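Next comes structure-v1.txt, a file with compact mmCIF, C-alpha atoms and all ligand atoms.
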# COMPACT_ATOMS: atom_id res chain seq x y z
CA MET J 1 -3.62 32.59 -1.90
CA VAL J 2 -1.76 30.53 -4.53
CA LYS J 3 -3.47 27.29 -3.47
CA ALA J 4 -6.88 28.47 -4.71
CA GLU J 5 -5.53 28.72 -8.28
CA ILE J 6 -4.34 25.11 -8.43
CA VAL J 7 -6.27 22.90 -10.82
CA ALA J 8 -6.06 19.25 -9.71
CA LYS J 9 -4.38 17.02 -12.30
CA LYS J 10 -6.32 13.82 -12.86
CA ARG J 11 -3.34 12.04 -14.39
CA PHE J 12 -1.50 12.33 -11.06
CA GLY J 13 -4.50 11.13 -9.04
CA GLN J 14 -4.87 14.45 -7.27
CA ASN J 15 -7.73 14.45 -4.78
CA PHE J 16 -6.74 16.75 -1.97
CA LEU J 17 -7.85 15.84 1.53
CA LYS J 18 -9.61 18.86 2.95
CA ASP J 19 -11.43 17.36 5.91
CA GLU J 20 -9.85 18.49 9.17
CA VAL J 21 -11.54 15.67 11.13
CA VAL J 22 -10.08 13.00 8.83
CA LEU J 23 -6.64 14.61 8.92
CA GLU J 24 -6.77 14.49 12.73
CA LYS J 25 -7.92 10.86 12.71
CA ILE J 26 -4.95 9.91 10.53
CA ILE J 27 -2.57 11.70 12.87
CA LYS J 28 -4.10 9.99 15.93
CA SER J 29 -3.44 6.58 14.35
CA ILE J 30 0.29 7.22 14.19
CA PRO J 31 2.40 6.45 17.29
CA ASN J 32 4.34 9.48 18.49
CA ASP J 33 7.70 7.68 18.59
CA ASN J 34 9.86 9.97 16.43
CA THR J 35 10.24 7.42 13.60
CA PRO J 36 10.93 9.35 10.38
CA ILE J 37 7.89 9.54 8.11
CA CYS J 38 7.94 9.14 4.34
CA GLU J 39 4.93 10.78 2.70
CA ILE J 40 4.24 9.89 -0.92
CA GLY J 41 2.39 12.66 -2.75
CA ALA J 42 2.53 15.71 -0.48
CA GLY J 43 0.01 17.55 -2.68
CA LEU J 44 -0.85 20.90 -1.14
CA GLY J 45 0.83 19.98 2.12
CA ASP J 46 -2.18 19.73 4.47
CA LEU J 47 -1.21 16.28 5.73
CA THR J 48 2.50 17.13 5.59
CA ARG J 49 2.00 20.05 8.01
CA LYS J 50 0.36 17.76 10.56
CA LEU J 51 2.94 15.00 10.13
CA LEU J 52 5.66 17.51 10.94
CA GLU J 53 4.16 17.80 14.44
CA LEU J 54 5.05 14.13 14.93
CA SER J 55 8.44 13.66 13.31
CA ARG J 56 10.88 14.46 10.53
CA VAL J 57 9.22 14.06 7.12
CA ILE J 58 10.63 13.06 3.75
CA ALA J 59 7.98 13.92 1.15
CA PHE J 60 7.89 12.81 -2.49
CA GLU J 61 5.92 14.72 -5.10
CA ILE J 62 5.71 14.12 -8.86
CA ASP J 63 4.09 17.43 -9.81
CA ARG J 64 6.60 20.27 -10.32
CA GLU J 65 3.97 22.95 -9.80
CA LEU J 66 3.06 21.51 -6.39
CA PHE J 67 6.71 20.93 -5.55
CA GLU J 68 7.42 24.63 -6.07
CA ILE J 69 4.48 25.70 -3.94
CA LEU J 70 5.48 23.27 -1.19
CA SER J 71 9.09 24.45 -1.30
CA ARG J 72 7.94 28.04 -0.71
CA GLU J 73 5.32 27.21 1.95
CA PHE J 74 7.65 24.99 3.93
CA ALA J 75 10.88 26.97 3.44
CA LYS J 76 11.34 27.26 7.22
CA GLU J 77 10.89 23.53 7.94
CA ILE J 78 13.15 22.63 5.01
CA GLY J 79 15.79 25.07 6.31
CA GLU J 80 15.56 23.45 9.75
CA LYS J 81 16.02 20.02 8.11
CA ARG J 82 12.73 18.80 9.57
CA LEU J 83 11.38 18.36 6.06
CA GLU J 84 12.86 17.21 2.79
CA ILE J 85 10.79 17.38 -0.39
CA ILE J 86 11.88 15.30 -3.36
CA LEU J 87 10.52 16.01 -6.84
CA CYS J 88 10.20 12.61 -8.52
CA ASP J 89 8.04 9.75 -9.63
CA VAL J 90 8.47 7.75 -6.45
CA LEU J 91 8.31 4.41 -8.27
CA ASP J 92 11.22 5.42 -10.51
CA LEU J 93 13.33 6.48 -7.57
CA TRP J 94 12.53 3.55 -5.24
CA ARG J 95 15.15 0.84 -5.44
CA GLU J 96 15.42 -1.48 -2.42
CA ASN J 97 14.79 1.12 0.28
CA LEU J 98 12.91 4.38 -0.07
CA HIS J 99 14.79 5.81 2.91
CA GLU J 100 18.14 4.73 4.34
CA LYS J 101 16.82 4.40 7.92
CA PRO J 102 13.77 2.65 9.41
CA TYR J 103 10.70 4.69 8.53
CA ARG J 104 6.92 4.79 8.57
CA LEU J 105 5.00 5.37 5.34
CA VAL J 106 2.04 7.71 5.75
CA ALA J 107 0.13 8.88 2.70
CA ASN J 108 -3.08 9.68 0.99
CA LEU J 109 -2.03 7.65 -2.02
CA PRO J 110 -2.87 8.45 -5.64
CA TYR J 111 -5.29 5.66 -6.62
CA TYR J 112 -3.64 4.84 -9.94
CA VAL J 113 -0.40 3.61 -8.31
CA ALA J 114 -1.58 2.80 -4.77
CA THR J 115 -1.31 -0.99 -5.11
CA ASN J 116 2.18 -0.84 -6.62
CA ILE J 117 3.35 1.53 -3.89
CA ILE J 118 2.03 -0.73 -1.13
CA LEU J 119 3.66 -3.79 -2.70
CA LYS J 120 6.97 -1.90 -2.88
CA ALA J 121 6.66 -0.85 0.75
CA LEU J 122 5.95 -4.43 1.83
CA LYS J 123 9.26 -5.49 0.27
CA ASP J 124 11.23 -2.54 1.65
CA SER J 125 12.92 -3.81 4.83
CA ASN J 126 13.32 -0.25 6.19
CA CYS J 127 9.59 0.38 6.02
CA LYS J 128 8.28 -0.67 9.44
CA GLU J 129 4.66 0.42 9.20
CA LEU J 130 2.21 1.85 6.69
CA VAL J 131 -0.76 4.10 7.43
CA VAL J 132 -2.23 4.83 4.03
CA MET J 133 -5.47 5.98 2.49
CA ILE J 134 -6.55 4.06 -0.60
CA GLN J 135 -9.70 3.21 -2.50
CA LYS J 136 -12.03 1.26 -0.16
CA GLU J 137 -12.44 -1.63 -2.59
CA VAL J 138 -8.66 -2.16 -2.67
CA ALA J 139 -8.37 -1.68 1.11
CA LEU J 140 -10.85 -4.53 1.63
CA LYS J 141 -8.62 -6.80 -0.46
CA PHE J 142 -5.44 -5.91 1.41
CA CYS J 143 -7.14 -6.43 4.79
CA ALA J 144 -9.14 -9.57 3.98
CA LYS J 145 -8.56 -12.68 6.05
CA ARG J 146 -8.67 -16.27 4.88
CA GLY J 147 -12.24 -17.33 4.08
CA ASP J 148 -13.42 -13.76 3.32
CA ARG J 149 -14.91 -13.12 -0.08
CA ASN J 150 -12.18 -10.52 -0.71
CA PHE J 151 -9.24 -12.77 0.24
CA CYS J 152 -6.92 -12.65 -2.78
CA ALA J 153 -3.29 -12.47 -3.90
CA LEU J 154 -2.93 -9.01 -2.30
CA SER J 155 -4.15 -10.33 1.06
CA VAL J 156 -1.59 -13.15 0.92
CA LEU J 157 1.20 -10.72 0.05
CA VAL J 158 0.31 -8.39 2.90
CA GLU J 159 -0.01 -11.26 5.39
CA SER J 160 3.41 -12.50 4.27
CA ALA J 161 4.92 -9.20 5.39
CA GLY J 162 2.81 -8.29 8.40
CA GLU J 163 -0.66 -7.58 9.65
CA ALA J 164 -3.17 -5.30 7.97
CA GLU J 165 -6.21 -3.66 9.54
CA MET J 166 -8.95 -1.35 8.32
CA LEU J 167 -8.90 1.82 10.41
CA PHE J 168 -11.79 3.90 9.02
CA ASP J 169 -13.67 4.89 5.86
CA VAL J 170 -13.55 8.32 4.25
CA PRO J 171 -16.39 9.64 2.06
CA PRO J 172 -15.80 11.40 -1.28
CA SER J 173 -16.98 14.70 0.27
CA SER J 174 -13.76 14.88 2.33
CA PHE J 175 -11.73 15.62 -0.84
CA GLU J 176 -11.34 18.33 -3.43
CA PRO J 177 -12.12 17.41 -6.15
CA GLU J 178 -14.39 14.62 -4.94
CA PRO J 179 -13.41 11.12 -6.17
CA LYS J 180 -16.16 8.80 -7.43
CA VAL J 181 -15.47 6.17 -4.78
CA PHE J 182 -15.14 5.78 -1.03
CA SER J 183 -11.67 5.60 0.50
CA SER J 184 -10.36 3.80 3.58
CA VAL J 185 -7.35 4.29 5.79
CA ILE J 186 -5.51 1.06 6.52
CA ARG J 187 -2.58 0.21 8.74
CA VAL J 188 0.01 -2.49 8.02
CA ARG J 189 2.38 -3.43 10.83
CA LYS J 190 5.35 -5.26 9.40
CA ARG J 191 7.05 -8.20 11.09
CA ALA J 192 9.57 -10.83 10.07
CA GLU J 193 8.85 -11.45 6.44
CA LEU J 194 8.04 -14.61 4.55
CA GLU J 195 9.86 -14.24 1.27
CA SER J 196 7.62 -12.84 -1.48
CA SER J 197 9.54 -12.84 -4.75
CA GLU J 198 8.12 -11.72 -8.07
CA ASP J 199 7.81 -15.39 -8.97
CA PHE J 200 5.69 -15.95 -5.84
CA GLU J 201 3.48 -13.03 -6.99
CA ARG J 202 3.09 -14.71 -10.39
CA PHE J 203 2.23 -18.01 -8.67
CA LEU J 204 -0.48 -16.23 -6.63
CA ARG J 205 -1.93 -14.68 -9.77
CA VAL J 206 -2.35 -18.21 -11.18
CA ALA J 207 -3.82 -19.47 -7.88
CA PHE J 208 -6.41 -16.67 -7.67
CA ALA J 209 -7.09 -16.33 -11.41
CA SER J 210 -10.53 -18.00 -11.19
CA PRO J 211 -11.81 -17.65 -7.61
CA ARG J 212 -14.85 -19.86 -8.29
CA LYS J 213 -12.75 -22.77 -9.53
CA LYS J 214 -11.06 -25.28 -7.26
CA LEU J 215 -7.51 -24.18 -6.41
CA SER J 216 -6.12 -27.48 -7.71
CA LYS J 217 -7.76 -26.79 -11.09
CA SER J 218 -6.33 -23.23 -11.28
CA LEU J 219 -2.86 -24.46 -10.39
CA SER J 220 -3.03 -27.21 -13.00
CA GLN J 221 -2.82 -24.44 -15.62
CA ARG J 222 0.84 -24.21 -14.70
CA TYR J 223 1.81 -27.37 -12.80
CA SER J 224 1.20 -31.08 -13.33
CA LYS J 225 -2.10 -32.39 -11.95
CA GLU J 226 -0.40 -35.43 -10.38
CA ARG J 227 2.11 -33.28 -8.52
CA ILE J 228 -0.66 -31.04 -7.19
CA SER J 229 -2.77 -33.99 -5.99
CA GLU J 230 0.26 -35.51 -4.28
CA LEU J 231 1.17 -32.24 -2.62
CA PHE J 232 -2.37 -31.46 -1.45
CA LEU J 233 -2.50 -34.91 0.15
CA GLU J 234 0.85 -34.34 1.83
CA LEU J 235 -0.19 -30.92 3.16
CA GLY J 236 -3.68 -32.06 4.20
CA ILE J 237 -5.46 -29.70 1.78
CA ASP J 238 -8.94 -30.72 0.65
CA ASP J 239 -8.86 -31.07 -3.13
CA ARG J 240 -12.18 -29.18 -3.36
CA SER J 241 -10.76 -26.02 -1.67
CA ARG J 242 -11.14 -22.67 -3.40
CA ALA J 243 -8.25 -20.19 -3.44
CA HIS J 244 -9.74 -17.91 -0.73
CA GLU J 245 -9.96 -20.81 1.74
CA ILE J 246 -6.21 -21.49 1.94
CA PRO J 247 -4.11 -19.70 4.60
CA THR J 248 -1.06 -17.64 3.67
CA ILE J 249 1.43 -20.04 5.24
CA LEU J 250 0.11 -22.88 3.07
CA TYR J 251 0.53 -20.75 -0.05
CA HIS J 252 4.21 -20.46 0.80
CA GLN J 253 4.47 -24.21 1.36
CA ILE J 254 2.70 -25.02 -1.91
CA TYR J 255 4.88 -22.55 -3.81
CA ASN J 256 8.13 -23.78 -2.25
CA SER J 257 7.27 -27.38 -3.10
CA LEU J 258 6.17 -26.70 -6.67
CA ARG J 259 8.88 -24.34 -7.83
N1 LIG J 301 -1.23 14.37 0.41
C1 LIG J 301 -2.13 15.25 -0.30
C2 LIG J 301 -3.47 15.28 0.40
O1 LIG J 301 -3.69 14.40 1.25
O2 LIG J 301 -4.29 16.13 0.07
C3 LIG J 301 -2.30 14.84 -1.78
C4 LIG J 301 -2.87 13.46 -2.00
S1 LIG J 301 -3.29 13.14 -3.71
C5 LIG J 301 -4.45 11.82 -3.52
C6 LIG J 301 -1.89 12.24 -4.33
C7 LIG J 301 -0.61 13.05 -4.52
O3 LIG J 301 0.40 12.18 -5.03
C8 LIG J 301 -0.71 14.19 -5.52
O4 LIG J 301 -0.13 15.34 -4.97
C9 LIG J 301 0.08 13.71 -6.74
O5 LIG J 301 0.64 14.75 -7.50
C10 LIG J 301 1.11 12.82 -6.09
N2 LIG J 301 1.64 11.74 -6.95
C11 LIG J 301 0.95 11.05 -7.89
N3 LIG J 301 1.73 10.12 -8.46
C12 LIG J 301 2.93 10.18 -7.86
C13 LIG J 301 4.16 9.48 -8.03
N4 LIG J 301 4.27 8.50 -8.91
N5 LIG J 301 5.23 9.84 -7.25
C14 LIG J 301 5.11 10.85 -6.36
N6 LIG J 301 3.97 11.55 -6.15
C15 LIG J 301 2.89 11.22 -6.88
Have the structure of the file written as structure tokens, please.
Ligand code: SAM
Amino acid sequence: MVKAEIVAKKRFGQNFLKDEVVLEKIIKSIPNDNTPICEIGAGLGDLTRKLLELSRVIAFEIDRELFEILSREFAKEIGEKRLEIILCDVLDLWRENLHEKPYRLVANLPYYVATNIILKALKDSNCKELVVMIQKEVALKFCAKRGDRNFCALSVLVESAGEAEMLFDVPPSSFEPEPKVFSSVIRVRKRAELESSEDFERFLRVAFASPRKKLSKSLSQRYSKERISELFLELGIDDRSRAHEIPTILYHQIYNSLR
């Protein structure tokens, strides 16, 4: 079998999911409502094959060798137009929308670009839901709620676009080759978005730059102290608050007033 000869390429973050139980758990977390599925990084096609039982799939793969194997293995599904495989670096190809119709993003994401891919998907108005596997440490950040130790700029960005939840953890032994870290599958349900521009992202980086410092102190790196004090008073924010104690909606209000 060709698959056995494949050597995983580290530079593309290739850790193939080989655990049938985990594959089934991912599939069970996806509503069977016929929404087209975009899969980023089809790899050897194990998840792709299961996704095809749910809906039409548009798969993106950066590795030409894998793309050729997938094209042969799934020739029938491609012929029937149930599957489209696109050879590309998905971040190069992705402009405003990854797909022209509403879609669900389902993927075992390559760690090295997982955060960027999620941030792109949050901004893509056609992406209605994400069910993605990422490094557990990053998953905890995306899913953190206000007051949690992990609440950070990523948590604010995800809450601005929808609601994130941790579904389950996946141990390194479920992959080939085994990664050094645990993974988690998370779900993000999108809803009406609060605008998150690149400038808002930059503002959040300033706000969360020193989590132990008071937020007012971090913000004074970029804005006038007087203006911040005035604004905190107006918005009823305690001047001693740390960045992780402020809710998402207030971040938008602070940003909109300061910009
Ligand atoms: N879906 C497969 C599975 O679950 O076993 C493979 C997952 S593996 C963690 C990540 C996959 O994403 C690899 O097949 C890799 O080649 C592909 N990939 C990495 N970077 C990519 C990029 N920028 N655009 C598209 N695919 C990418």
Residues near His244 (chain J), cut-off 8 Å, all atoms listed in the file, skip fewer than 5 positions along chain, as an NGL selection string: :J and (146-152 or 208 or 211)
Sphere at (-3.7, 17.4, 11.9), radius 7 Å, counting all atoms listed in the file: residues as a ChimeraX atom specification: /J:20,23-24,27,47,50
Expected answer as an MDAnalysis selection string: residues within 6 Å of ligand LIG 301 (chain J), all atoms listed in the file: chainID J and resid 12:17 40:44 47 60:63 88:91 108:110
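Take the candidates J:Leu204, J:Arg64, J:Leu219, J:Lys25 and check each one against Met133 (chain J) using only C-alpha atoms; the shortest distance goes to J:Lys25.
The smallest atom-to-atom distance between Lys123 (chain J) and any of J:Leu194, J:Val156, J:Cys143, J:Val106, using only C-alpha atoms, is found for J:Leu194.
From CA of Asn34 (chain J) back to CA of Glu84 (chain J), the distance works out to 15.7 Å.
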Surrounding residues of Phe175 (chain J) excluding itself and chain neighbours under 2 positions, 9 Å, only C-alpha atoms, as number ranges by chain: J: 15-19, 171-173, 177-179
Neighbour list for Glu96 (chain J) as a ChimeraX atom specification, cut-off 9 Å, all atoms listed in the file, skip fewer than 4 positions in-chain: /J:120,123-126
